[in-house]
$ cat entry.txt   # compact mmCIF, C-alpha atoms and all ligand atoms
# COMPACT_ATOMS: atom_id res chain seq x y z
CA MET A 1 0.00 0.00 0.00
CA ALA A 2 1.13 3.59 -0.52
CA LEU A 3 0.42 7.05 0.82
CA LEU A 4 -0.63 9.39 -1.98
CA PRO A 5 -0.11 13.19 -2.03
CA ILE A 6 -3.40 15.09 -1.50
CA ILE A 7 -3.98 18.09 -3.80
CA VAL A 8 -4.88 21.38 -2.11
CA ALA A 9 -7.26 23.91 -3.78
CA PRO A 10 -7.15 25.95 -5.90
CA ASP A 11 -6.04 23.41 -8.52
CA PRO A 12 -7.61 22.70 -11.94
CA ARG A 13 -7.61 18.93 -11.22
CA LEU A 14 -10.18 19.55 -8.47
CA LYS A 15 -12.50 21.31 -10.97
CA THR A 16 -12.43 18.55 -13.62
CA LYS A 17 -15.13 15.89 -14.22
CA ALA A 18 -13.70 12.41 -13.61
CA ALA A 19 -14.12 9.56 -16.14
CA PRO A 20 -16.07 6.36 -15.38
CA VAL A 21 -14.17 3.18 -14.57
CA GLY A 22 -14.68 0.34 -17.11
CA THR A 23 -13.96 -2.64 -14.86
CA VAL A 24 -12.78 -2.70 -11.26
CA ASP A 25 -9.56 -4.58 -11.96
CA ALA A 26 -6.42 -5.03 -9.84
CA SER A 27 -5.14 -1.51 -10.63
CA ILE A 28 -8.41 0.07 -9.40
CA VAL A 29 -8.39 -2.10 -6.24
CA THR A 30 -4.81 -0.93 -5.56
CA LEU A 31 -5.94 2.68 -6.06
CA MET A 32 -8.88 2.13 -3.64
CA ASN A 33 -6.57 0.60 -1.01
CA ASP A 34 -3.95 3.35 -1.37
CA MET A 35 -6.73 5.97 -1.06
CA LEU A 36 -8.00 4.31 2.14
CA GLU A 37 -4.51 4.29 3.64
CA THR A 38 -4.08 7.97 2.68
CA MET A 39 -7.53 8.86 4.13
CA TYR A 40 -6.85 7.12 7.48
CA ALA A 41 -3.42 8.80 7.74
CA ALA A 42 -4.77 12.31 6.96
CA PRO A 43 -7.03 11.65 8.98
CA GLY A 44 -10.32 11.87 7.13
CA VAL A 45 -13.61 10.05 6.67
CA GLY A 46 -13.66 10.06 2.87
CA LEU A 47 -11.48 10.63 -0.19
CA ALA A 48 -12.15 10.92 -3.92
CA ALA A 49 -9.62 9.90 -6.62
CA PRO A 50 -9.31 13.45 -8.10
CA GLN A 51 -7.96 14.61 -4.71
CA VAL A 52 -4.92 12.40 -5.35
CA GLY A 53 -4.69 13.50 -9.00
CA VAL A 54 -6.48 10.48 -10.53
CA LEU A 55 -9.42 11.64 -12.67
CA LYS A 56 -11.45 8.41 -12.30
CA ARG A 57 -14.85 7.90 -10.64
CA VAL A 58 -13.57 6.19 -7.49
CA ILE A 59 -14.28 7.12 -3.87
CA VAL A 60 -13.59 5.60 -0.46
CA VAL A 61 -15.45 6.32 2.78
CA ASP A 62 -15.32 5.19 6.42
CA ALA A 63 -17.88 6.94 8.61
CA ALA A 64 -17.62 4.53 11.58
CA ASP A 65 -17.77 6.20 14.99
CA ARG A 66 -14.61 6.47 17.08
CA GLY A 67 -14.14 3.29 19.06
CA GLU A 68 -16.09 1.23 16.49
CA ASP A 69 -14.37 -1.21 14.15
CA PRO A 70 -13.27 0.36 10.85
CA ALA A 71 -15.94 0.15 8.12
CA PRO A 72 -14.17 0.98 4.84
CA ILE A 73 -16.35 1.33 1.74
CA ARG A 74 -14.83 1.27 -1.75
CA MET A 75 -16.98 2.57 -4.63
CA ALA A 76 -16.43 2.96 -8.37
CA ASN A 77 -18.91 4.82 -10.61
CA PRO A 78 -21.24 5.75 -7.68
CA GLU A 79 -24.71 6.99 -8.72
CA ILE A 80 -27.45 8.32 -6.46
CA VAL A 81 -30.61 6.42 -7.44
CA TRP A 82 -32.84 7.99 -4.77
CA GLU A 83 -32.59 10.92 -2.38
CA SER A 84 -34.94 12.16 0.34
CA ASP A 85 -36.80 15.43 -0.09
CA ASP A 86 -35.76 16.50 3.39
CA LEU A 87 -32.38 18.19 3.70
CA ALA A 88 -30.02 18.14 6.68
CA PRO A 89 -27.22 20.56 7.60
CA TYR A 90 -23.66 19.38 8.35
CA GLU A 91 -20.49 21.35 9.09
CA GLU A 92 -18.26 19.97 6.31
CA GLY A 93 -14.50 19.87 5.99
CA CYS A 94 -12.31 18.78 3.08
CA LEU A 95 -8.75 17.49 2.97
CA SER A 96 -8.24 19.63 -0.17
CA LEU A 97 -9.40 22.78 1.71
CA PRO A 98 -7.34 22.41 4.91
CA GLU A 99 -8.72 24.11 8.05
CA GLU A 100 -11.83 25.41 6.27
CA TYR A 101 -15.28 24.33 7.49
CA ALA A 102 -18.79 25.46 6.56
CA GLU A 103 -22.36 24.26 6.92
CA VAL A 104 -23.80 22.64 3.79
CA MET A 105 -27.41 21.42 3.29
CA ARG A 106 -27.84 18.09 1.48
CA PRO A 107 -30.52 15.38 1.18
CA ALA A 108 -30.64 13.62 4.56
CA ARG A 109 -30.95 10.09 3.12
CA ILE A 110 -29.76 8.59 -0.15
CA ARG A 111 -29.64 5.29 -2.01
CA VAL A 112 -26.40 4.83 -3.98
CA ARG A 113 -25.51 2.27 -6.67
CA TYR A 114 -21.85 1.47 -7.33
CA LEU A 115 -19.30 -1.17 -8.32
CA ASP A 116 -17.49 -2.62 -5.30
CA GLU A 117 -13.90 -3.87 -5.10
CA ASN A 118 -15.02 -7.21 -6.63
CA ASN A 119 -16.56 -5.43 -9.65
CA GLU A 120 -20.02 -6.36 -8.30
CA LEU A 121 -22.91 -3.94 -8.69
CA ARG A 122 -24.26 -3.01 -5.25
CA GLU A 123 -26.80 -0.64 -3.74
CA ARG A 124 -26.92 0.70 -0.22
CA GLU A 125 -28.91 3.27 1.72
CA ALA A 126 -27.16 5.85 3.83
CA ASP A 127 -28.12 8.54 6.31
CA GLY A 128 -26.30 10.72 8.84
CA LEU A 129 -22.56 11.27 8.34
CA LEU A 130 -22.29 8.42 5.81
CA ALA A 131 -24.84 10.11 3.51
CA VAL A 132 -23.04 13.47 3.87
CA VAL A 133 -19.60 12.02 3.06
CA ILE A 134 -20.79 9.95 0.07
CA GLN A 135 -22.44 13.05 -1.44
CA HIS A 136 -19.36 15.20 -0.70
CA GLU A 137 -17.04 12.64 -2.36
CA MET A 138 -19.37 12.24 -5.35
CA ASP A 139 -19.25 16.03 -5.79
CA HIS A 140 -15.46 15.74 -6.15
CA LEU A 141 -16.02 13.39 -9.13
CA ASN A 142 -17.89 16.23 -10.87
CA GLY A 143 -15.33 18.91 -10.03
CA THR A 144 -17.49 20.37 -7.26
CA LEU A 145 -16.12 21.36 -3.84
CA PHE A 146 -18.23 21.99 -0.73
CA VAL A 147 -17.51 25.72 -1.10
CA ASP A 148 -19.47 25.63 -4.39
CA HIS A 149 -22.61 25.10 -2.24
CA LEU A 150 -21.94 28.38 -0.35
CA SER A 151 -22.65 31.99 -1.27
CA SER A 152 -20.03 33.51 -3.61
CA LEU A 153 -19.00 35.82 -0.75
CA LYS A 154 -18.14 32.91 1.59
CA ARG A 155 -16.60 30.85 -1.23
CA ASN A 156 -14.35 33.69 -2.41
CA MET A 157 -13.18 34.34 1.16
CA ILE A 158 -12.10 30.70 1.57
CA VAL A 159 -10.48 30.46 -1.88
CA ARG A 160 -8.58 33.74 -1.30
CA ARG A 161 -7.30 32.43 2.06
CA LEU A 162 -6.06 29.19 0.48
CA THR A 163 -4.48 31.00 -2.52
CA LYS A 164 -2.59 33.28 -0.11
CA ALA A 165 -1.51 30.37 2.10
CA LYS A 166 -0.17 28.49 -0.95
CA LYS A 167 1.72 31.62 -2.16
CA THR A 168 3.31 32.32 1.22
CA GLY A 169 4.26 28.66 1.57
CA ASP A 170 1.97 28.12 4.57
CA LEU A 171 0.31 25.39 2.50
CA LEU A 172 1.95 23.11 -0.02
CA GLY A 173 0.22 22.41 -3.34
CA GLU A 174 0.10 18.77 -2.28
CA TYR A 175 0.88 17.04 0.98
CA VAL A 176 1.49 13.47 2.03
CA PRO A 177 -0.30 12.64 5.27
CA VAL A 178 1.92 11.48 8.10
CA VAL A 179 1.30 7.94 9.35
CA ARG A 180 0.89 7.93 13.11
CA THR A 181 2.57 4.99 14.81
CA GLY A 182 0.77 5.33 18.13
CA GLN A 183 4.07 6.19 19.84
CA LYS A 184 4.13 9.35 21.96
CA GLU A 185 6.14 12.23 20.49
CA ALA A 186 9.10 13.41 22.59
O1 LIG B 1 -13.28 14.73 0.84
C1 LIG B 1 -12.52 14.97 1.75
O2 LIG B 1 -11.69 15.83 1.62
C2 LIG B 1 -12.61 14.22 3.05
C3 LIG B 1 -13.48 14.91 4.08
C4 LIG B 1 -14.85 14.24 4.06
C5 LIG B 1 -15.94 14.97 4.77
C6 LIG B 1 -15.90 15.26 6.10
C7 LIG B 1 -16.96 15.89 6.73
C8 LIG B 1 -18.06 16.23 6.01
C9 LIG B 1 -18.10 15.96 4.67
C10 LIG B 1 -17.06 15.32 4.04
C11 LIG B 1 -12.82 14.75 5.43
O3 LIG B 1 -12.64 13.67 5.90
S1 LIG B 1 -12.36 16.19 6.26
C12 LIG B 1 -11.70 15.58 7.81
C13 LIG B 1 -12.75 15.15 8.76
O4 LIG B 1 -13.89 15.48 8.61
C14 LIG B 1 -12.41 14.29 9.91
C15 LIG B 1 -11.13 14.08 10.30
C16 LIG B 1 -10.85 13.26 11.38
C17 LIG B 1 -11.85 12.65 12.08
C18 LIG B 1 -13.15 12.86 11.71
C19 LIG B 1 -13.44 13.68 10.62
ZN ZN B 2 -13.43 16.94 0.01
$ encode --input "entry.txt" --output "structure tokens" --more "lines below"
Ligand code: K1U
Ligand code: ZN
Amino acid sequence: MALLPIIVAPDPRLKTKAAPVGTVDASIVTLMNDMLETMYAAPGVGLAAPQVGVLKRVIVVDAADRGEDPAPIRMANPEIVWESDDLAPYEEGCLSLPEEYAEVMRPARIRVRYLDENNELREREADGLLAVVIQHEMDHLNGTLFVDHLSSLKRNMIVRRLTKAKKTGDLLGEYVPVVRTGQKEA
């Protein structure tokens, strides 16, 4: 497995529509596993392939509560086949927009169809954090960031902050998450 560099906005790769996967073969399974390792190291609860510079429709998610066993989900070509009319707010973050958070409204419950790591077509229903993260990651596949759901005033503020941070070197264009070993730092 490998840790992949995560792209930080603004970057044209984060604004590009990703291409569907033909078959979930060994190379896609490797990508899914590397993305999961990168997500856990960040740490995060989801990751989309464009965030690591791969413009393919692949996402990984693990919305298990702290203290629960890990529950990794690997999805290729995810499609929302049903969404609830009721919306729910959630304070979202994004590994490509470090230290920026904002409330976004999305359908509270969804049904998603996707190819799993065995190239099998599956459907599952999601609510709560899982529904939020799946929708957030699917947005990445269409070149949409959570700031695109905000007013232009809020969005421009965040993008300006990140542009400045990248220019001054406070943020790198890409970063590789650090793996924590569980040992205490000196
Ligand atoms: O897409 C991403 O950049 C990952 C993002 C997913 C997400 C989080 C919250 C709401 C919507 C989408 C993150 O994982 S940001 C980091 C984060 O939320 C987190 C980090 C450590 C523990 C728990 C959450
Ligand atoms: Zn994100």
$ atom_distance --input "entry.txt" --atom1 "atom O4 of ligand LIG 1 (chain B)" --atom2 "CA of Ala9 (chain A)"
16.4 Å
$ closest_atom_pairs --input "entry.txt" --of "region 58-110 of chain A" --to "region 134-139 of chain A" --cutoff "10 Å" --atoms "all atoms listed in the file" --output "tab-separated table"
residue	atom	partner	partner_atom	distance
A:Val58	CA	A:Met138	CA	8.6
A:Ile59	CA	A:Glu137	CA	6.4
A:Val60	CA	A:Glu137	CA	8.1
A:Val61	CA	A:Ile134	CA	7.0
A:Asp62	CA	A:Ile134	CA	9.6
A:Ala63	CA	A:Ile134	CA	9.5
A:Ile73	CA	A:Ile134	CA	9.8
A:Met75	CA	A:Ile134	CA	9.5
A:Asn77	CA	A:Met138	CA	9.1
A:Pro78	CA	A:Met138	CA	7.1
A:Glu79	CA	A:Met138	CA	8.2
A:Ile80	CA	A:Gln135	CA	8.5
A:Glu92	CA	A:His136	CA	8.6
A:Gly93	CA	A:His136	CA	9.5
A:Cys94	CA	A:His136	CA	8.8
A:Val104	CA	A:His136	CA	9.8
A:Arg106	CA	A:Gln135	CA	7.9
A:Pro107	CA	A:Gln135	CA	8.8
A:Ile110	CA	A:Gln135	CA	8.7
$ residues_near_ligand --input "entry.txt" --ligand "ligand LIG 1 (chain B)" --cutoff "10 Å" --atoms "all atoms listed in the file" --output "compact mmCIF listing (two decimals) with C-alpha atoms, keeping the file's coordinate frame"
# COMPACT_ATOMS: atom_id res chain seq x y z
CA ILE A 6 -3.40 15.09 -1.50
CA ILE A 7 -3.98 18.09 -3.80
CA VAL A 8 -4.88 21.38 -2.11
CA MET A 39 -7.53 8.86 4.13
CA TYR A 40 -6.85 7.12 7.48
CA ALA A 41 -3.42 8.80 7.74
CA ALA A 42 -4.77 12.31 6.96
CA PRO A 43 -7.03 11.65 8.98
CA GLY A 44 -10.32 11.87 7.13
CA VAL A 45 -13.61 10.05 6.67
CA GLY A 46 -13.66 10.06 2.87
CA LEU A 47 -11.48 10.63 -0.19
CA ALA A 48 -12.15 10.92 -3.92
CA ALA A 49 -9.62 9.90 -6.62
CA PRO A 50 -9.31 13.45 -8.10
CA GLN A 51 -7.96 14.61 -4.71
CA ILE A 59 -14.28 7.12 -3.87
CA VAL A 60 -13.59 5.60 -0.46
CA VAL A 61 -15.45 6.32 2.78
CA ASP A 62 -15.32 5.19 6.42
CA ALA A 63 -17.88 6.94 8.61
CA ALA A 64 -17.62 4.53 11.58
CA ASP A 65 -17.77 6.20 14.99
CA ARG A 66 -14.61 6.47 17.08
CA TYR A 90 -23.66 19.38 8.35
CA GLU A 91 -20.49 21.35 9.09
CA GLU A 92 -18.26 19.97 6.31
CA GLY A 93 -14.50 19.87 5.99
CA CYS A 94 -12.31 18.78 3.08
CA LEU A 95 -8.75 17.49 2.97
CA SER A 96 -8.24 19.63 -0.17
CA LEU A 97 -9.40 22.78 1.71
CA PRO A 98 -7.34 22.41 4.91
CA GLU A 99 -8.72 24.11 8.05
CA GLU A 100 -11.83 25.41 6.27
CA TYR A 101 -15.28 24.33 7.49
CA ALA A 102 -18.79 25.46 6.56
CA GLU A 103 -22.36 24.26 6.92
CA VAL A 104 -23.80 22.64 3.79
CA LEU A 129 -22.56 11.27 8.34
CA LEU A 130 -22.29 8.42 5.81
CA ALA A 131 -24.84 10.11 3.51
CA VAL A 132 -23.04 13.47 3.87
CA VAL A 133 -19.60 12.02 3.06
CA ILE A 134 -20.79 9.95 0.07
CA GLN A 135 -22.44 13.05 -1.44
CA HIS A 136 -19.36 15.20 -0.70
CA GLU A 137 -17.04 12.64 -2.36
CA MET A 138 -19.37 12.24 -5.35
CA ASP A 139 -19.25 16.03 -5.79
CA HIS A 140 -15.46 15.74 -6.15
CA LEU A 145 -16.12 21.36 -3.84
CA PHE A 146 -18.23 21.99 -0.73
$ axis_aligned_box --input "entry.txt" --around "region 12-29 of chain A" --padding-each-side "3 Å" --output "lines of an AutoDock Vina configuration file"
center_x = -10.6
center_y = 8.8
center_z = -11.7
size_x = 16.9
size_y = 33.7
size_z = 16.9
$ closest_residue --input "entry.txt" --among "A:Ala165, A:Met105, A:Ala19, A:Ala126" --to "Val147 (chain A)" --atoms "only C-alpha atoms"
A:Met105
$ atom_distance --input "entry.txt" --atom1 "CA of Asp34 (chain A)" --atom2 "CA of Arg57 (chain A)"
15.0 Å
$ closest_residue --input "entry.txt" --among "A:Thr163, A:Thr16, A:Thr144, A:Asn118" --to "ligand ZN 2 (chain B)" --atoms "only C-alpha atoms and all ligand atoms"
A:Thr144
$ closest_residue --input "entry.txt" --among "A:Leu14, A:Met1, A:Leu171, A:Ala108" --to "ligand ZN 2 (chain B)" --atoms "all atoms listed in the file"
A:Leu14
$ residues_near_point --input "entry.txt" --point "(-36.5, 9.6, -2.7)" --cutoff "9 Å" --atoms "all atoms listed in the file" --output "PyMOL selection string"
chain A and resi 81-85+109-111
$ atom_distance --input "entry.txt" --atom1 "CA of Tyr114 (chain A)" --atom2 "CA of Asp148 (chain A)"
24.5 Å
$ closest_residue --input "entry.txt" --among "A:Ala76, A:Leu121, A:Leu141, A:Leu162" --to "Arg13 (chain A)" --atoms "all atoms listed in the file"
A:Leu141
$ residues_around --input "entry.txt" --residues "Thr38 (chain A)" --least-positions-apart "5" --cutoff "7 Å" --atoms "only C-alpha atoms" --output "NGL selection string"
:A and (3-4 or 177)
